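Worksheet: the structure to be examined is printed underneath.
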Protein chains: 2
Amino acid sequence: MSFPTPEISVRLPAGAAPVACVDIGGTKVAVSVADEHGVRGKVSEPTAKEGGRDALAAQIIRLVGQSAAAAGVPVERISAVGVASCGPFVLHQGLVELAAPNICGGMAGKERGLPNDWPTAWLEAPLRAAFPKVRVENDGVGALEAERRWGALQGVDHCAYVTWSTGIGMGLCVDGRILRGKNGNAGHAGHTFVADLDDTLCGCGLRGDVEALIAGNAIPRRFGSQGYTDAATLFVAVRAGEAGATAILDGLCTVMGRTLFNMIATLDLQRIALGGSVFWHNQDLILPRLRAFLQGKFAALTDGVELVPAGLGERVGDFSALALVMD
Amino acid sequence: MSFPTPEISVRLPAGAAPVACVDIGGTKVAVSVADEHGVRGKVSEPTAKEGGRDALAAQIIRLVGQSAAAAGVPVERISAVGVASCGPFVLHQGLVELAAPNICGGMAGKERGLPNDWPTAWLEAPLRAAFPKVRVENDGVGALEAERRWGALQGVDHCAYVTWSTGIGMGLCVDGRILRGKNGNAGHAGHTFVADLDDTLCGCGLRGDVEALIAGNAIPRRFGSQGYTDAATLFVAVRAGEAGATAILDGLCTVMGRTLFNMIATLDLQRIALGGSVFWHNQDLILPRLRAFLQGKFAALTDGVELVPAGLGERVGDFSALALVMD
């Protein structure tokens, strides 16, 4: 199914210096440039996972140059770089390094087959050496800021953005304030435990957490032997009416439903916006299952809570980074 | 084992009008009076669960009178009533009613054996008719405010207070701000799903949530047939070296460990203080198990996180309500 993202046009104020917007995911890195003419010059590559611990930062610096060239903006004019990245973060001398399980092979050992043994990937330090201003935030925080500014969470004080993609990420807002936590890692509820379904290893080293059970990268690990080698294959089979695939989807949605319920019970939320590639292309199949899961569960907590698709659709990533440098 | 609460003396400023402090739990209601001479006149009774929906509020009004008399304070001089109550809350015409599963028999039907069919218990409206100023908060919020003011969470910006008692309750603080949510119900993580251990019914109507699995009132329901008719009996058996009881305790601590890990991953916390009767009297057995559970789990999130006993010990409830009216 095709779920188009609404036309959204965001520009910097006239005369503002251009900024670069970097979206780091477990699968790909995307960079755009934004200025008074809008967001443009988007370039992307598979996330660098080979070489030294500075490989990812070097890739970003190179892509900023390419994006600026594509946008016709001299790279020297880039005044700030906003980075919305998968996490979690660790701070080294006050600067963010990534300890992301889908990128750093040093976290869950060799079982995940990542071609590096990085305990963390360097990020903020090399970017600060290359650009005048850098702001790095968890991608869940960036997406939440973007959805609150331009998307489906405008005017909602108790809300979450949830991405269901290669991994599972969140940004959380309670009482009108975005949650950050001691290292900026609030929202890592993709690594919570909600079930005993199996002992599948997550990239973070945990077994059986939400991301290990239902993220895009979990589908081939858990169901590849049944022929479902990726999320797209699984959903094609569901749409073709295969009972086995439908049962798998029901199970995945039960885990996500529990995860969303847990956020509502923990934070007393009003609205949750969902995005990410697994969700976005299959929202017609996923949303009814999630809503059915919540229906009637501890009504004092769930009555009136809304589950909605992200207002920025598949472009959340671009706007996340932009929201960070517009603040 | 005996774990004494440190001597803590809290007084209102000289000349301040006296206030009443009300602690509503699933098992008992306790009321004290505080003034420039300290907190005193404590009276308590089993929580009213029979009669009309105003029975609990009527009990509180009567106990405030008894506490004032015991303290030698004319009840007319009570200037404010702070109420720290188990939840969750629902708002009716802007005023708090309780939808607490351990009190309201109308929530999980007759299976729990509660002697009423209340969908909610009236609370704030009748209290406001009786006293000049009333502040009702979730007991987790009250306890957290008290622990941050006088207890084990002073100066910690990312923290939680967790009570393991008749039920499981929490107060949550991120970025230096206590979380409240749309109806003041943030912190109801006692009703989250963290395991598939069984389908035990919780008073809230859910099956298999944390409270259904490990709260004080879950022990007779789950393990009564093995002779463990309450938490005290279970822990006596653990101390006597009974292998079956020890295995049950390990299982309970795995569920609580998962719950605490989930809070850390969701909120990026620094420190968690624990209280409540089940925890307090058995902290020597429980704390090492919880710390072992967290040890090494997704180190970027858990490294350096502290689990500590509540600084206010068994008096958290008294000070919770006081913290609410001192604000």
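Following the order of the structure tokens, chains are lettered A, B, ..., residues in each are numbered from 1, and ligands are numbered from 1.
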(message) Could you go through region 159-212 of chain A and tell me which residues DSSP, when run on the backbone, assigns to strand (DSSP E or B), listing them as a ChimeraX atom specification?
(response) /A:159-164,168-174,177-178,201,207
Residue contacts of Gly72 (chain A) (12 Å, only C-alpha atoms) excluding same-chain residues fewer than 2 positions away, as a CSV table (one decimal) with N, CA and C atoms, in the first residue's frame:
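Final output, out26.csv:
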chain,number,residue,atom,x,y,z
A,18,PRO,N,22.5,28.8,5.8
A,18,PRO,CA,22.0,27.4,5.7
A,18,PRO,C,22.5,26.5,6.8
A,32,SER,N,20.5,16.4,4.4
A,32,SER,CA,19.9,17.5,3.6
A,32,SER,C,20.5,18.8,4.0
A,33,VAL,N,20.2,19.8,3.2
A,33,VAL,CA,20.6,21.2,3.5
A,33,VAL,C,19.3,22.0,3.5
A,34,ALA,N,19.2,22.9,4.5
A,34,ALA,CA,18.0,23.7,4.6
A,34,ALA,C,18.4,25.2,4.6
A,35,ASP,N,17.7,26.0,3.9
A,35,ASP,CA,17.9,27.5,3.9
A,35,ASP,C,16.6,28.2,3.6
A,37,HIS,N,15.2,28.7,1.1
A,37,HIS,CA,14.5,28.1,-0.1
A,37,HIS,C,13.9,26.8,0.3
A,40,ARG,N,16.6,20.7,0.9
A,40,ARG,CA,16.9,20.1,-0.4
A,40,ARG,C,18.3,19.5,-0.4
A,41,GLY,N,18.7,19.0,-1.6
A,41,GLY,CA,20.0,18.4,-1.7
A,41,GLY,C,20.1,17.1,-0.9
A,42,LYS,N,19.1,16.4,-0.8
A,42,LYS,CA,19.1,15.1,0.0
A,42,LYS,C,20.0,14.1,-0.6
A,65,GLY,N,29.1,17.7,2.6
A,65,GLY,CA,29.7,18.3,1.4
A,65,GLY,C,28.9,18.0,0.1
A,66,GLN,N,28.5,16.7,0.0
A,66,GLN,CA,27.8,16.3,-1.2
A,66,GLN,C,26.4,17.0,-1.2
A,67,SER,N,25.8,17.0,-0.1
A,67,SER,CA,24.4,17.6,0.0
A,67,SER,C,24.5,19.1,-0.3
A,68,ALA,N,25.5,19.8,0.2
A,68,ALA,CA,25.6,21.2,-0.1
A,68,ALA,C,25.9,21.4,-1.5
A,69,ALA,N,26.7,20.6,-2.2
A,69,ALA,CA,27.0,20.7,-3.6
A,69,ALA,C,25.7,20.5,-4.4
A,70,ALA,N,24.9,19.5,-4.0
A,70,ALA,CA,23.7,19.2,-4.7
A,70,ALA,C,22.7,20.4,-4.6
A,74,PRO,N,27.6,26.7,-1.0
A,74,PRO,CA,29.0,26.5,-0.6
A,74,PRO,C,29.1,25.9,0.8
A,75,VAL,N,29.8,24.8,1.0
A,75,VAL,CA,29.8,24.1,2.3
A,75,VAL,C,30.3,25.0,3.4
A,76,GLU,N,31.1,26.0,3.0
A,76,GLU,CA,31.6,26.9,4.1
A,76,GLU,C,30.5,27.7,4.7
A,77,ARG,N,29.4,27.8,4.0
A,77,ARG,CA,28.3,28.6,4.5
A,77,ARG,C,27.4,27.9,5.5
A,78,ILE,N,27.6,26.6,5.6
A,78,ILE,CA,26.8,25.8,6.6
A,78,ILE,C,27.1,26.3,8.0
Tell me, counting only C-alpha atoms, for each residue of chain B within 7 Å of chain A, which pair of atoms is nearest and how far apart they are in Å to one decimal, in rows ordered by chain and increasing number, as a Markdown table.
| residue | atom | partner | partner_atom | distance |
| --- | --- | --- | --- | --- |
| B:Pro88 | CA | A:Ala300 | CA | 6.8 |
| B:Val90 | CA | A:Ala300 | CA | 6.1 |
| B:Ala99 | CA | A:Ala300 | CA | 6.8 |
| B:His158 | CA | A:Gly181 | CA | 6.1 |
| B:Val174 | CA | A:Gly181 | CA | 5.8 |
| B:Asp175 | CA | A:Gly181 | CA | 5.8 |
| B:Leu179 | CA | A:Val174 | CA | 6.5 |
| B:Arg180 | CA | A:Asp175 | CA | 6.6 |
| B:Gly181 | CA | A:Asp268 | CA | 4.6 |
| B:Lys182 | CA | A:Asp268 | CA | 5.7 |
| B:Asn183 | CA | A:Asp268 | CA | 6.9 |
| B:Asn185 | CA | A:Asp268 | CA | 5.5 |
| B:Ala186 | CA | A:Leu267 | CA | 4.2 |
| B:Gly187 | CA | A:Thr266 | CA | 4.8 |
| B:His188 | CA | A:Thr266 | CA | 5.0 |
| B:Ala189 | CA | A:Thr266 | CA | 4.6 |
| B:His191 | CA | A:Ala265 | CA | 6.6 |
| B:Thr192 | CA | A:Asn262 | CA | 4.8 |
| B:Phe193 | CA | A:Val194 | CA | 5.3 |
| B:Val194 | CA | A:Val194 | CA | 3.8 |
| B:Ala195 | CA | A:Ala195 | CA | 4.2 |
| B:Asp196 | CA | A:Ala195 | CA | 5.3 |
| B:Cys204 | CA | A:Phe298 | CA | 6.0 |
| B:Gly205 | CA | A:Phe298 | CA | 6.4 |
| B:Leu206 | CA | A:Lys297 | CA | 6.6 |
| B:Arg258 | CA | A:Phe193 | CA | 6.3 |
| B:Asn262 | CA | A:Thr192 | CA | 4.8 |
| B:Ala265 | CA | A:His188 | CA | 5.1 |
| B:Thr266 | CA | A:Ala189 | CA | 4.6 |
| B:Leu267 | CA | A:Ala186 | CA | 4.3 |
| B:Asp268 | CA | A:Gly181 | CA | 4.6 |
| B:Leu269 | CA | A:Gly181 | CA | 6.2 |
| B:Gln270 | CA | A:Lys182 | CA | 6.6 |
| B:Lys297 | CA | A:Leu206 | CA | 6.6 |
| B:Phe298 | CA | A:Cys204 | CA | 6.0 |
| B:Ala300 | CA | A:Val90 | CA | 6.1 |
(request) Do a neighbour search on Glu306 (chain B) at 9 Å with only C-alpha atoms, toss out local chain neighbours closer than 5 positions, and write the hits as a PyMOL selection string. (result) chain B and resi 270-273+291
Suppose we keep C-alpha atoms; can you now write the selection as a PDB file, in the first residue's frame?
ATOM      1  CA  GLN B 270      20.180   7.990  37.764  1.00  0.00           C
ATOM      2  CA  ARG B 271      18.738   6.648  41.009  1.00  0.00           C
ATOM      3  CA  ILE B 272      15.708   4.671  42.188  1.00  0.00           C
ATOM      4  CA  ALA B 273      14.576   4.641  45.825  1.00  0.00           C
ATOM      5  CA  ARG B 291      21.005  -5.085  41.555  1.00  0.00           C
TER       6      ARG B 291
END
(request) Grab the CA of Ala57 (chain B) to CA of Gly140 (chain B) distance for me, in Å with one decimal place. (result) 19.8 Å
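Between Asp318 (chain B) and the residues B:Ala84, B:Ala58, B:Leu12, B:Val64, the shortest atom-to-atom distance, using only C-alpha atoms, involves B:Ala84.
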